Each structure stands twice: as structure tokens, then as C-alpha cells.
>>> print(open('structure.pdb').read())   # PDB, C-alpha atoms
ATOM      1  CA  MET A   1      12.132  17.823 -39.687
ATOM      2  CA  THR A   2      11.377  15.850 -42.849
ATOM      3  CA  ILE A   3       7.881  14.938 -43.980
ATOM      4  CA  LYS A   4       8.704  11.325 -43.129
ATOM      5  CA  ASP A   5       9.544  12.427 -39.570
ATOM      6  CA  MET A   6       6.175  14.187 -39.342
ATOM      7  CA  LEU A   7       4.303  11.121 -40.581
ATOM      8  CA  SER A   8       6.167   8.844 -38.147
ATOM      9  CA  SER A   9       5.483  11.068 -35.141
ATOM     10  CA  ASN A  10       3.657   9.392 -32.278
ATOM     11  CA  GLY A  11       1.749  12.620 -31.646
ATOM     12  CA  LEU A  12       0.081  12.654 -35.076
ATOM     13  CA  LYS A  13      -3.570  11.598 -34.742
ATOM     14  CA  LEU A  14      -4.953  10.196 -37.993
ATOM     15  CA  THR A  15      -8.282   8.991 -39.304
ATOM     16  CA  ALA A  16      -8.506   5.543 -40.895
ATOM     17  CA  ALA A  17      -8.439   7.105 -44.377
ATOM     18  CA  GLU A  18      -5.451   9.291 -43.529
ATOM     19  CA  LYS A  19      -3.585   6.219 -42.260
ATOM     20  CA  LYS A  20      -4.029   4.699 -45.731
ATOM     21  CA  VAL A  21      -2.421   7.789 -47.244
ATOM     22  CA  VAL A  22       0.504   7.655 -44.832
ATOM     23  CA  ARG A  23       1.002   3.944 -45.468
ATOM     24  CA  THR A  24       1.062   4.498 -49.236
ATOM     25  CA  LEU A  25       3.570   7.340 -48.985
ATOM     26  CA  LEU A  26       5.914   5.597 -46.538
ATOM     27  CA  THR A  27       5.869   2.384 -48.575
ATOM     28  CA  ASN A  28       7.147   4.259 -51.631
ATOM     29  CA  TYR A  29       8.742   7.362 -50.150
ATOM     30  CA  PRO A  30       8.877  10.034 -51.460
ATOM     31  CA  ALA A  31       7.926   8.963 -55.008
ATOM     32  CA  ALA A  32       4.285   8.221 -54.101
ATOM     33  CA  GLY A  33       3.671  11.892 -53.337
ATOM     34  CA  LEU A  34       5.420  13.377 -56.361
ATOM     35  CA  GLY A  35       2.636  12.786 -58.896
ATOM     36  CA  THR A  36      -0.787  14.407 -59.160
ATOM     37  CA  VAL A  37      -2.995  14.616 -56.105
ATOM     38  CA  ALA A  38      -5.635  12.584 -57.950
ATOM     39  CA  GLY A  39      -3.137   9.822 -58.706
ATOM     40  CA  PHE A  40      -1.915   9.814 -55.089
ATOM     41  CA  ALA A  41      -5.506   9.549 -53.858
ATOM     42  CA  GLU A  42      -6.257   6.672 -56.225
ATOM     43  CA  ARG A  43      -3.163   4.705 -55.160
ATOM     44  CA  SER A  44      -4.111   5.279 -51.514
ATOM     45  CA  GLY A  45      -7.725   4.245 -52.025
ATOM     46  CA  VAL A  46      -9.049   7.532 -50.623
ATOM     47  CA  SER A  47     -10.626  10.759 -51.914
ATOM     48  CA  VAL A  48      -8.706  13.864 -52.995
ATOM     49  CA  PRO A  49     -10.136  15.888 -50.049
ATOM     50  CA  THR A  50      -8.615  13.317 -47.659
ATOM     51  CA  ILE A  51      -5.169  13.972 -49.148
ATOM     52  CA  LEU A  52      -5.643  17.721 -48.892
ATOM     53  CA  ARG A  53      -6.846  17.526 -45.271
ATOM     54  CA  LEU A  54      -3.772  15.520 -44.298
ATOM     55  CA  VAL A  55      -1.463  17.954 -46.075
ATOM     56  CA  THR A  56      -3.078  20.854 -44.205
ATOM     57  CA  ARG A  57      -2.807  18.999 -40.915
ATOM     58  CA  LEU A  58       0.938  18.627 -41.533
ATOM     59  CA  GLY A  59       1.192  22.418 -41.764
ATOM     60  CA  PHE A  60       1.348  22.970 -45.518
ATOM     61  CA  ALA A  61      -0.627  25.672 -47.294
ATOM     62  CA  GLY A  62      -1.568  23.228 -50.038
ATOM     63  CA  TYR A  63      -0.513  20.213 -52.068
ATOM     64  CA  THR A  64       1.971  22.293 -54.105
ATOM     65  CA  ALA A  65       3.853  23.339 -50.963
ATOM     66  CA  PHE A  66       3.813  19.738 -49.743
ATOM     67  CA  GLN A  67       5.330  18.517 -53.024
ATOM     68  CA  LYS A  68       7.932  21.280 -52.968
ATOM     69  CA  ASP A  69       9.269  19.971 -49.642
ATOM     70  CA  LEU A  70       9.258  16.395 -50.952
ATOM     71  CA  ILE A  71      11.264  17.468 -54.012
ATOM     72  CA  GLU A  72      13.773  19.309 -51.804
ATOM     73  CA  GLU A  73      14.210  16.135 -49.754
ATOM     74  CA  VAL A  74      14.948  14.177 -52.945
ATOM     75  CA  SER A  75      17.523  16.796 -53.950
ATOM     76  CA  GLU A  76      19.216  16.551 -50.565
ATOM     77  CA  GLN A  77      19.368  12.765 -50.816
ATOM     78  CA  LEU A  78      21.164  13.003 -54.164
ATOM     79  CA  ASN A  79      23.704  15.626 -53.109
ATOM     80  CA  SER A  80      27.305  14.752 -53.929
ATOM     81  CA  PRO A  81      30.478  16.223 -52.358
ATOM     82  CA  LEU A  82      30.943  18.266 -55.557
ATOM     83  CA  SER A  83      27.479  19.815 -55.283
ATOM     84  CA  MET A  84      27.994  20.720 -51.620
ATOM     85  CA  ILE A  85      31.431  22.381 -51.752
ATOM     86  CA  ASP A  86      30.191  25.955 -52.176
ATOM     87  CA  ALA A  87      27.114  25.682 -49.934
ATOM     88  CA  ARG A  88      28.918  24.153 -47.004
ATOM     89  CA  SER A  89      31.980  26.391 -47.288
ATOM     90  CA  ALA A  90      29.658  29.367 -46.921
ATOM     91  CA  ASP A  91      28.337  27.959 -43.645
ATOM     92  CA  ALA A  92      31.812  28.053 -42.132
ATOM     93  CA  SER A  93      32.300  31.823 -42.649
ATOM     94  CA  GLY A  94      31.521  32.731 -39.036
ATOM     95  CA  GLU A  95      34.488  30.945 -37.465
ATOM     96  CA  GLY A  96      37.535  28.866 -38.304
ATOM     97  CA  THR A  97      36.890  25.612 -40.122
ATOM     98  CA  TYR A  98      38.409  23.468 -37.367
ATOM     99  CA  ALA A  99      36.373  25.028 -34.554
ATOM    100  CA  GLY A 100      33.257  25.194 -36.710
ATOM    101  CA  ILE A 101      33.353  21.508 -37.618
ATOM    102  CA  MET A 102      34.073  20.450 -34.020
ATOM    103  CA  ARG A 103      31.124  22.507 -32.801
ATOM    104  CA  ASN A 104      28.901  21.168 -35.574
ATOM    105  CA  LEU A 105      29.751  17.559 -34.745
ATOM    106  CA  ALA A 106      29.267  18.146 -31.022
ATOM    107  CA  ASP A 107      25.807  19.567 -31.729
ATOM    108  CA  ALA A 108      24.978  16.540 -33.876
ATOM    109  CA  LEU A 109      25.987  14.166 -31.081
ATOM    110  CA  LEU A 110      23.926  16.078 -28.522
ATOM    111  CA  GLN A 111      20.889  16.113 -30.823
ATOM    112  CA  THR A 112      21.230  12.367 -31.396
ATOM    113  CA  ALA A 113      21.399  11.798 -27.648
ATOM    114  CA  ALA A 114      18.272  13.911 -27.191
ATOM    115  CA  ASN A 115      16.431  11.771 -29.782
ATOM    116  CA  TYR A 116      17.396   8.518 -28.043
ATOM    117  CA  ARG A 117      14.581   5.983 -27.791
ATOM    118  CA  GLU A 118      15.421   3.340 -25.219
ATOM    119  CA  GLN A 119      12.959   0.704 -26.427
ATOM    120  CA  GLU A 120      14.289   0.816 -29.998
ATOM    121  CA  PHE A 121      17.928   0.758 -28.890
ATOM    122  CA  GLU A 122      17.329  -2.169 -26.535
ATOM    123  CA  ALA A 123      15.645  -4.083 -29.378
ATOM    124  CA  ILE A 124      18.831  -3.677 -31.436
ATOM    125  CA  LEU A 125      20.915  -4.916 -28.504
ATOM    126  CA  ASP A 126      18.616  -7.944 -28.161
ATOM    127  CA  LEU A 127      19.293  -8.935 -31.772
ATOM    128  CA  LEU A 128      23.045  -8.447 -31.492
ATOM    129  CA  ALA A 129      23.276 -10.309 -28.180
ATOM    130  CA  ASP A 130      21.369 -13.360 -29.446
ATOM    131  CA  GLU A 131      24.135 -15.939 -29.943
ATOM    132  CA  ARG A 132      21.739 -18.324 -31.664
ATOM    133  CA  SER A 133      21.959 -15.982 -34.638
ATOM    134  CA  ASP A 134      24.994 -15.291 -36.840
ATOM    135  CA  ILE A 135      25.715 -11.620 -37.478
ATOM    136  CA  TYR A 136      26.871 -10.215 -40.812
ATOM    137  CA  CYS A 137      28.030  -6.589 -41.101
ATOM    138  CA  LEU A 138      27.879  -4.723 -44.420
ATOM    139  CA  GLY A 139      28.529  -1.144 -45.507
ATOM    140  CA  GLY A 140      28.713   0.993 -48.641
ATOM    141  CA  ARG A 141      31.622   2.767 -50.334
ATOM    142  CA  PHE A 142      32.541   4.898 -47.321
ATOM    143  CA  SER A 143      30.464   3.270 -44.592
ATOM    144  CA  THR A 144      32.163  -0.108 -45.052
ATOM    145  CA  VAL A 145      34.718   1.054 -42.478
ATOM    146  CA  LEU A 146      31.861   1.258 -39.954
ATOM    147  CA  ALA A 147      30.780  -2.280 -40.779
ATOM    148  CA  LEU A 148      34.343  -3.588 -40.450
ATOM    149  CA  ARG A 149      34.949  -1.866 -37.127
ATOM    150  CA  LEU A 150      31.636  -3.001 -35.643
ATOM    151  CA  SER A 151      32.255  -6.586 -36.753
ATOM    152  CA  MET A 152      35.728  -6.563 -35.156
ATOM    153  CA  HIS A 153      34.349  -5.341 -31.834
ATOM    154  CA  LEU A 154      31.365  -7.699 -31.882
ATOM    155  CA  GLY A 155      33.701 -10.590 -32.690
ATOM    156  CA  GLN A 156      35.493  -9.975 -29.412
ATOM    157  CA  LEU A 157      32.228 -10.072 -27.475
ATOM    158  CA  ARG A 158      30.477 -13.060 -29.040
ATOM    159  CA  PRO A 159      30.877 -15.852 -31.636
ATOM    160  CA  GLY A 160      29.398 -15.977 -35.133
ATOM    161  CA  VAL A 161      30.254 -12.495 -36.413
ATOM    162  CA  PHE A 162      31.251 -11.906 -40.041
ATOM    163  CA  PHE A 163      32.228  -8.933 -42.202
ATOM    164  CA  ILE A 164      31.026  -8.809 -45.824
ATOM    165  CA  GLU A 165      33.393  -7.240 -48.336
ATOM    166  CA  ASN A 166      31.106  -5.401 -50.733
ATOM    167  CA  GLN A 167      33.638  -5.294 -53.568
ATOM    168  CA  SER A 168      33.952  -9.067 -53.784
ATOM    169  CA  SER A 169      32.939 -10.791 -57.022
ATOM    170  CA  ARG A 170      31.148 -13.309 -54.775
ATOM    171  CA  PHE A 171      29.243 -10.578 -52.933
ATOM    172  CA  PHE A 172      25.736 -11.996 -53.356
ATOM    173  CA  ASP A 173      26.967 -15.562 -52.782
ATOM    174  CA  ARG A 174      27.033 -14.868 -49.038
ATOM    175  CA  LEU A 175      23.238 -14.879 -49.039
ATOM    176  CA  VAL A 176      23.147 -18.651 -49.544
ATOM    177  CA  ASP A 177      23.638 -19.156 -45.780
ATOM    178  CA  PHE A 178      21.082 -16.557 -44.671
ATOM    179  CA  ASN A 179      17.975 -17.737 -42.822
ATOM    180  CA  SER A 180      15.838 -16.912 -39.788
ATOM    181  CA  GLN A 181      18.910 -17.388 -37.587
ATOM    182  CA  THR A 182      20.814 -14.604 -39.356
ATOM    183  CA  THR A 183      21.048 -10.914 -38.481
ATOM    184  CA  LEU A 184      22.310  -8.457 -41.087
ATOM    185  CA  VAL A 185      23.672  -5.132 -39.857
ATOM    186  CA  VAL A 186      23.898  -2.757 -42.810
ATOM    187  CA  PHE A 187      25.128   0.831 -43.066
ATOM    188  CA  ASP A 188      23.478   2.789 -45.899
ATOM    189  CA  TYR A 189      23.560   6.579 -46.218
ATOM    190  CA  ARG A 190      22.291   9.018 -48.836
ATOM    191  CA  ARG A 191      23.196   8.379 -52.445
ATOM    192  CA  TYR A 192      22.129   4.904 -51.397
ATOM    193  CA  GLN A 193      23.881   2.090 -53.256
ATOM    194  CA  ALA A 194      21.575  -0.117 -55.272
ATOM    195  CA  GLU A 195      23.606  -3.289 -54.643
ATOM    196  CA  ILE A 196      23.601  -2.711 -50.871
ATOM    197  CA  VAL A 197      19.844  -2.148 -50.878
ATOM    198  CA  GLU A 198      19.281  -5.247 -53.016
ATOM    199  CA  PHE A 199      21.512  -7.388 -50.783
ATOM    200  CA  ALA A 200      19.508  -6.304 -47.742
ATOM    201  CA  ARG A 201      16.239  -6.963 -49.572
ATOM    202  CA  LEU A 202      17.326 -10.504 -50.487
ATOM    203  CA  ALA A 203      18.469 -11.066 -46.896
ATOM    204  CA  HIS A 204      15.023  -9.997 -45.704
ATOM    205  CA  GLU A 205      13.393 -12.367 -48.192
ATOM    206  CA  SER A 206      15.582 -15.125 -46.702
ATOM    207  CA  ARG A 207      13.927 -14.327 -43.337
ATOM    208  CA  ALA A 208      17.063 -12.733 -41.892
ATOM    209  CA  ARG A 209      16.578  -9.934 -39.344
ATOM    210  CA  VAL A 210      17.833  -6.606 -40.727
ATOM    211  CA  ILE A 211      19.258  -3.681 -38.757
ATOM    212  CA  VAL A 212      19.963  -0.569 -40.822
ATOM    213  CA  PHE A 213      22.077   2.426 -39.833
ATOM    214  CA  THR A 214      21.024   5.366 -42.014
ATOM    215  CA  ASP A 215      20.437   9.122 -42.217
ATOM    216  CA  ARG A 216      17.332  11.250 -41.712
ATOM    217  CA  TRP A 217      16.250  10.768 -45.349
ATOM    218  CA  MET A 218      16.089   7.020 -44.657
ATOM    219  CA  SER A 219      17.614   4.372 -46.882
ATOM    220  CA  PRO A 220      15.101   2.307 -48.895
ATOM    221  CA  ILE A 221      16.189  -0.539 -46.607
ATOM    222  CA  SER A 222      14.236   1.139 -43.801
ATOM    223  CA  HIS A 223      10.982   0.078 -45.505
ATOM    224  CA  PHE A 224      11.558  -3.561 -44.548
ATOM    225  CA  ALA A 225      14.207  -3.397 -41.803
ATOM    226  CA  ASP A 226      13.421  -4.833 -38.373
ATOM    227  CA  GLN A 227      15.294  -2.047 -36.598
ATOM    228  CA  ILE A 228      16.517   1.393 -37.730
ATOM    229  CA  LEU A 229      19.171   3.641 -36.193
ATOM    230  CA  VAL A 230      19.259   7.178 -37.630
ATOM    231  CA  SER A 231      22.166   9.593 -37.375
ATOM    232  CA  SER A 232      22.923  13.111 -38.545
ATOM    233  CA  VAL A 233      25.421  13.266 -41.408
ATOM    234  CA  GLU A 234      25.478  16.991 -42.251
ATOM    235  CA  THR A 235      28.636  18.907 -41.454
ATOM    236  CA  LEU A 236      30.518  21.957 -42.740
ATOM    237  CA  SER A 237      32.612  19.703 -44.967
ATOM    238  CA  PRO A 238      31.353  18.789 -48.455
ATOM    239  CA  TYR A 239      31.607  15.183 -47.302
ATOM    240  CA  ASP A 240      28.930  13.763 -45.043
ATOM    241  CA  SER A 241      30.161  12.867 -41.578
ATOM    242  CA  LYS A 242      30.003   9.406 -40.009
ATOM    243  CA  VAL A 243      31.081  10.625 -36.550
ATOM    244  CA  VAL A 244      27.608  10.161 -35.055
ATOM    245  CA  ALA A 245      27.361   6.675 -36.583
ATOM    246  CA  PHE A 246      30.747   5.782 -35.064
ATOM    247  CA  ALA A 247      29.471   7.007 -31.703
ATOM    248  CA  GLN A 248      26.334   4.880 -32.059
ATOM    249  CA  CYS A 249      28.518   1.814 -32.643
ATOM    250  CA  GLU A 250      30.569   2.687 -29.562
ATOM    251  CA  ALA A 251      27.351   2.944 -27.530
ATOM    252  CA  ILE A 252      26.237  -0.467 -28.791
ATOM    253  CA  ILE A 253      29.508  -2.153 -27.839
ATOM    254  CA  ALA A 254      29.585  -0.516 -24.394
ATOM    255  CA  SER A 255      25.967  -1.525 -23.764
ATOM    256  CA  LEU A 256      26.579  -5.149 -24.796
ATOM    257  CA  VAL A 257      29.592  -5.356 -22.486
ATOM    258  CA  LYS A 258      27.476  -3.983 -19.651
ATOM    259  CA  ARG A 259      24.864  -6.695 -20.250
ATOM    260  CA  GLY A 260      27.328  -9.532 -19.624
ATOM    261  CA  PRO A 261      30.691  -8.312 -18.291
ATOM    262  CA  ASP A 262      31.768 -11.687 -16.849
ATOM    263  CA  LYS A 263      31.113 -13.537 -20.096
ATOM    264  CA  VAL A 264      32.901 -10.862 -22.116
ATOM    265  CA  ARG A 265      35.853 -10.876 -19.704
ATOM    266  CA  GLU A 266      36.197 -14.646 -20.093
ATOM    267  CA  ARG A 267      36.098 -14.437 -23.892
ATOM    268  CA  LEU A 268      38.653 -11.602 -24.000
ATOM    269  CA  ALA A 269      40.972 -13.562 -21.676
ATOM    270  CA  THR A 270      40.765 -16.541 -24.021
ATOM    271  CA  ILE A 271      41.515 -14.320 -27.023
ATOM    272  CA  GLU A 272      44.555 -12.838 -25.272
ATOM    273  CA  ALA A 273      45.839 -16.300 -24.324
ATOM    274  CA  LEU A 274      45.463 -17.523 -27.905
ATOM    275  CA  ARG A 275      47.284 -14.454 -29.212
ATOM    276  CA  GLN A 276      50.184 -14.985 -26.842
ATOM    277  CA  LYS A 277      50.395 -18.665 -27.698
ATOM    278  CA  GLY A 278      50.205 -17.998 -31.406
ATOM    279  CA  GLU A 279      52.777 -15.202 -31.351
ATOM    280  CA  SER A 280      55.137 -17.292 -29.232
ATOM    281  CA  GLN A 281      54.884 -20.235 -31.623
ATOM    282  CA  ALA A 282      55.352 -17.966 -34.619
ATOM    283  CA  HIS A 283      58.458 -16.468 -33.019
ATOM    284  CA  LYS A 284      59.920 -19.941 -32.396
ATOM    285  CA  THR A 285      59.287 -20.948 -36.005
ATOM    286  CA  GLU A 286      60.865 -17.731 -37.252
ATOM    287  CA  SER A 287      63.933 -18.309 -35.054
ATOM    288  CA  ARG A 288      64.373 -21.885 -36.318
ATOM    289  CA  ASN A 289      64.137 -20.735 -39.924
ATOM    290  CA  ALA A 290      66.711 -18.019 -39.255
ATOM    291  CA  ASP A 291      69.167 -20.589 -37.785
ATOM    292  CA  GLN A 292      69.007 -22.777 -40.876
ATOM    293  CA  PRO A 293      71.811 -22.277 -43.384
TER     294      PRO A 293
END
>>> encode(input="structure.pdb", output="C-alpha cells")
Amino acid sequence: MTIKDMLSSNGLKLTAAEKKVVRTLLTNYPAAGLGTVAGFAERSGVSVPTILRLVTRLGFAGYTAFQKDLIEEVSEQLNSPLSMIDARSADASGEGTYAGIMRNLADALLQTAANYREQEFEAILDLLADERSDIYCLGGRFSTVLALRLSMHLGQLRPGVFFIENQSSRFFDRLVDFNSQTTLVVFDYRRYQAEIVEFARLAHESRARVIVFTDRWMSPISHFADQILVSSVETLSPYDSKVVAFAQCEAIIASLVKRGPDKVRERLATIEALRQKGESQAHKTESRNADQP
């Protein structure tokens, strides 16, 4: 469990002063806690003893131990595939790579299911089901495939769904149409991309609702997102896995279909009819062109 997880726990009972400390740290996580204890206390508007009491309550022997964990979290966030080759290969020594990875991913899915919070998930469904709002899906270097797939599925269930190509020279131009009737779904995992974070920030400033899919270290987007969906990314491979995130998208689509099966059935029937009509017309045109000398 990360320090952020501890601070976000519903079971943590805090004094008013300790809440100030938590708010300061979560607003600028984890950087706010990496300086001196005196500086942290000053930024939080509390005394040094208040900081130390909170650190002890979280289970740390002192402020040094607390900072050590924060620094380790930063290191994990910045891990690259190159830096993880040796460490993760060592984890697979007990069994074959294939079986080990399958078991690891199955465990991650089960753990995600165990951490399911119905109220938060339903709030995400409410945003995605609201047809008064356009939906834009955006991902990073590797997670863009998640954004594309989700947008394709959502486009079959409802109107007003768009995919944003993050490599486009007109990337930030898309923000011109963002307003309070816009929902941005963004996928952002560790080694967070500055341009993805900035796009989401500008969308938020345009009053768009923001849903972020991220990992347990939490993308900076989580600081201002309306809804957050966290997934495990660690696996025995040096590359982080997006299997759990794919499963979360599948759960979203299945849940939206369950909310309005008749409406979805009607839309899918219309799509199929249009496909058949379009393909038939295209075939006729192709045949006429082939008959011409």
C-alpha cells in the first residue's frame, strides 16, 4: 500500500491540523513531503509536532522512514522497461514465464475485483451514459490503444464519441470545443506524459469532466479529475501490463449495455443496416468500374 493509499483510506481518523497536512501532500504528491519537516510544516500551516504525529500514526518510526518510502515510490514511478529487466526476470525463477505471467495477471484481476467500489464505478457510468455530453478518449504512447478501443465500443452504444490521436500536430486544437458538456476519458500510467497531463489540465480548465484511468502511483491528472479508476500494472515482464485496464473497459461497456439493452439493440441494428447498405453500394460501384473498358 502506498502512502497515498494510506492517506486516502476512509478508516484514517484525522484532526483538523492533520487534515491540512494530508491536503498539502496530496495536492503536490509526493514532492511536498520530500523536503525538510520544517518546510513541510510551514507549507501546511501546522507545527512540526503535528507532522511527526501524523507520520507515527501512519506506522513510520520517524520522518526519515516516511521520506524513504516516498522516495521509493518516486523511483517506482520512473521505472523504465530497461531498468526492470533484471528485477522482474528474477521474480519468474519459480516457474515458467508463461504460467508465471498468467498467474500474476489473474491475481491482479482478482485484487482489482476485491477493491471494487460500486459508488465510484457507477459515477463513471453516469458520465459515460450522459448523451448530453460529448466523450473524447485519449491515451499515452502505449495506452492509446485502450483509448481507441474504448471509443470504438462507446461509439456503438451512444452518439458523440471521439478518439484523440495524441501524435497529431493539431493535438491541442481539439480543446477549442471543450466545455461543461464534454467528458474526457484519459489513460495515463507511470512515466506520465507531460503533454497528456497538460491536455487533461486544460480540459479541466474548460470545465470538461475528466475521468482518468491510472496506476497505484496516480497520474498527476488524479489531482483534478472528477473520477479515477486505478489498476495494477506490475507483471513479471519488464513492460507494465494493461490487462487489468482492458478488463475495466470491458466491465464499463458491459455495464452500459445492461443499463439500456433495448436502446443499444436498436442502435446496433441501425449500424448493421447501414453497413450492409454501404457495402452493397460499394460492391455495385466496384462492379460497374470493372465492366468499363
>>> atom_distance(input="structure.pdb", atom1="CA of Gly260 in chain A", atom2="CA of Leu125 in chain A")
11.9 Å
>>> closest_residue(input="structure.pdb", among="A:Arg216, A:Phe246, A:Thr64, A:Glu195", to="Ser8 in chain A", atoms="all atoms listed in the file")
A:Arg216
>>> residues_near_point(input="structure.pdb", point="(12.6, -2.5, -41.6)", cutoff="9 Å", atoms="only C-alpha atoms", output="count of residues only")
13
>>> axis_aligned_box(input="structure.pdb", around="range 180-188 of chain A", padding_each_side="4 Å", output="AutoDock Vina command-line options")
--center_x 20.5 --center_y -7.3 --center_z -41.7 --size_x 17.3 --size_y 28.2 --size_z 16.3
>>> resolve_selection(input="structure.pdb", expression="the PyMOL selection byres ((chain A and resi 31) around 12)", output="PyMOL selection string")
chain A and resi 24-30+32-36+39-40+43+67+70-71+73-74+220
>>> atom_distance(input="structure.pdb", atom1="CA of Glu250 in chain A", atom2="CA of Gln181 in chain A")
24.6 Å
>>> residues_around(input="structure.pdb", residues="range 144-148 of chain A", least_positions_apart="5", cutoff="9 Å", atoms="all atoms listed in the file", output="list of chain:residue names")
A:Tyr136, A:Cys137, A:Leu138, A:Gly139, A:His153, A:Phe162, A:Phe163, A:Ile164, A:Glu165, A:Asn166, A:Val185, A:Val186, A:Phe187, A:Lys242, A:Ala245, A:Phe246, A:Cys249
>>> atom_distance(input="structure.pdb", atom1="CA of Leu12 in chain A", atom2="CA of Ile124 in chain A")
25.1 Å
>>> residues_around(input="structure.pdb", residues="Glu18 in chain A", least_positions_apart="2", cutoff="9 Å", atoms="all atoms listed in the file", output="JSON, numbers by chain")
{"A": [14, 15, 16, 20, 21, 22, 23, 46, 50, 51, 53, 54]}
>>> closest_residue(input="structure.pdb", among="A:Glu118, A:Ala106, A:Ala17, A:Pro49", to="Ser255 in chain A", atoms="only C-alpha atoms")
A:Glu118
>>> resolve_selection(input="structure.pdb", expression="the PyMOL selection byres ((chain A and resi 219) around 7)", output="list in words")
Asp188, Tyr189, Arg190, Tyr192, Thr214, Trp217, Met218, Pro220, Ile221 and Ser222 of chain A
>>> residues_around(input="structure.pdb", residues="Asp130 in chain A", least_positions_apart="3", cutoff="12 Å", atoms="all atoms listed in the file", output="PyMOL selection string")
chain A and resi 123-127+133-135+154+157-161+181-183+209+256+259
>>> closest_residue(input="structure.pdb", among="A:Ala113, A:Ile252, A:Val37, A:Val48", to="Ser151 in chain A", atoms="only C-alpha atoms")
A:Ile252
>>> resolve_selection(input="structure.pdb", expression="the PyMOL selection byres ((chain A and resi 232) around 7)", output="list of chain:residue names")
A:Ala108, A:Asp215, A:Arg216, A:Ser231, A:Val233, A:Glu234, A:Val244
>>> closest_residue(input="structure.pdb", among="A:Leu105, A:Arg57, A:Leu202, A:Leu128", to="Leu150 in chain A", atoms="all atoms listed in the file")
A:Leu128
>>> closest_residue(input="structure.pdb", among="A:Ala282, A:Leu229, A:Ala129, A:Ala99", to="Lys263 in chain A", atoms="all atoms listed in the file")
A:Ala129
>>> closest_residue(input="structure.pdb", among="A:Ser206, A:Gly140, A:Val176, A:Asp69", to="Ala194 in chain A", atoms="only C-alpha atoms")
A:Gly140
>>> build_atoms(input="structure.pdb", residues="range 106-122 of chain A", atoms="N, CA and C atoms", output="PDB file, keeping the file's coordinate frame")
ATOM      1  N   ALA A 106      29.723  18.232 -32.410  1.00  0.00           N
ATOM      2  CA  ALA A 106      29.267  18.146 -31.022  1.00  0.00           C
ATOM      3  C   ALA A 106      27.764  18.357 -30.931  1.00  0.00           C
ATOM      4  N   ASP A 107      27.251  19.318 -31.699  1.00  0.00           N
ATOM      5  CA  ASP A 107      25.807  19.567 -31.729  1.00  0.00           C
ATOM      6  C   ASP A 107      25.055  18.348 -32.255  1.00  0.00           C
ATOM      7  N   ALA A 108      25.621  17.717 -33.289  1.00  0.00           N
ATOM      8  CA  ALA A 108      24.978  16.540 -33.876  1.00  0.00           C
ATOM      9  C   ALA A 108      24.912  15.392 -32.874  1.00  0.00           C
ATOM     10  N   LEU A 109      25.969  15.223 -32.097  1.00  0.00           N
ATOM     11  CA  LEU A 109      25.987  14.166 -31.081  1.00  0.00           C
ATOM     12  C   LEU A 109      24.961  14.451 -29.986  1.00  0.00           C
ATOM     13  N   LEU A 110      24.888  15.708 -29.562  1.00  0.00           N
ATOM     14  CA  LEU A 110      23.926  16.078 -28.522  1.00  0.00           C
ATOM     15  C   LEU A 110      22.486  15.897 -29.002  1.00  0.00           C
ATOM     16  N   GLN A 111      22.232  16.262 -30.272  1.00  0.00           N
ATOM     17  CA  GLN A 111      20.889  16.113 -30.823  1.00  0.00           C
ATOM     18  C   GLN A 111      20.511  14.644 -30.932  1.00  0.00           C
ATOM     19  N   THR A 112      21.481  13.807 -31.307  1.00  0.00           N
ATOM     20  CA  THR A 112      21.230  12.367 -31.396  1.00  0.00           C
ATOM     21  C   THR A 112      20.917  11.786 -30.018  1.00  0.00           C
ATOM     22  N   ALA A 113      21.650  12.251 -29.014  1.00  0.00           N
ATOM     23  CA  ALA A 113      21.399  11.798 -27.648  1.00  0.00           C
ATOM     24  C   ALA A 113      20.004  12.217 -27.187  1.00  0.00           C
ATOM     25  N   ALA A 114      19.596  13.418 -27.582  1.00  0.00           N
ATOM     26  CA  ALA A 114      18.272  13.911 -27.191  1.00  0.00           C
ATOM     27  C   ALA A 114      17.151  13.111 -27.856  1.00  0.00           C
ATOM     28  N   ASN A 115      17.435  12.540 -29.045  1.00  0.00           N
ATOM     29  CA  ASN A 115      16.431  11.771 -29.782  1.00  0.00           C
ATOM     30  C   ASN A 115      16.449  10.286 -29.425  1.00  0.00           C
ATOM     31  N   TYR A 116      17.235   9.923 -28.444  1.00  0.00           N
ATOM     32  CA  TYR A 116      17.396   8.518 -28.043  1.00  0.00           C
ATOM     33  C   TYR A 116      16.064   7.899 -27.611  1.00  0.00           C
ATOM     34  N   ARG A 117      15.784   6.728 -28.170  1.00  0.00           N
ATOM     35  CA  ARG A 117      14.581   5.983 -27.791  1.00  0.00           C
ATOM     36  C   ARG A 117      15.022   4.639 -27.209  1.00  0.00           C
ATOM     37  N   GLU A 118      14.884   4.505 -25.920  1.00  0.00           N
ATOM     38  CA  GLU A 118      15.421   3.340 -25.219  1.00  0.00           C
ATOM     39  C   GLU A 118      14.873   2.022 -25.753  1.00  0.00           C
ATOM     40  N   GLN A 119      13.578   1.956 -25.989  1.00  0.00           N
ATOM     41  CA  GLN A 119      12.959   0.704 -26.427  1.00  0.00           C
ATOM     42  C   GLN A 119      13.544   0.229 -27.761  1.00  0.00           C
ATOM     43  N   GLU A 120      13.740   1.167 -28.693  1.00  0.00           N
ATOM     44  CA  GLU A 120      14.289   0.816 -29.998  1.00  0.00           C
ATOM     45  C   GLU A 120      15.745   0.388 -29.886  1.00  0.00           C
ATOM     46  N   PHE A 121      16.509   1.088 -29.060  1.00  0.00           N
ATOM     47  CA  PHE A 121      17.928   0.758 -28.890  1.00  0.00           C
ATOM     48  C   PHE A 121      18.082  -0.607 -28.222  1.00  0.00           C
ATOM     49  N   GLU A 122      17.261  -0.879 -27.220  1.00  0.00           N
ATOM     50  CA  GLU A 122      17.329  -2.169 -26.535  1.00  0.00           C
ATOM     51  C   GLU A 122      16.944  -3.308 -27.477  1.00  0.00           C
TER      52      GLU A 122
END
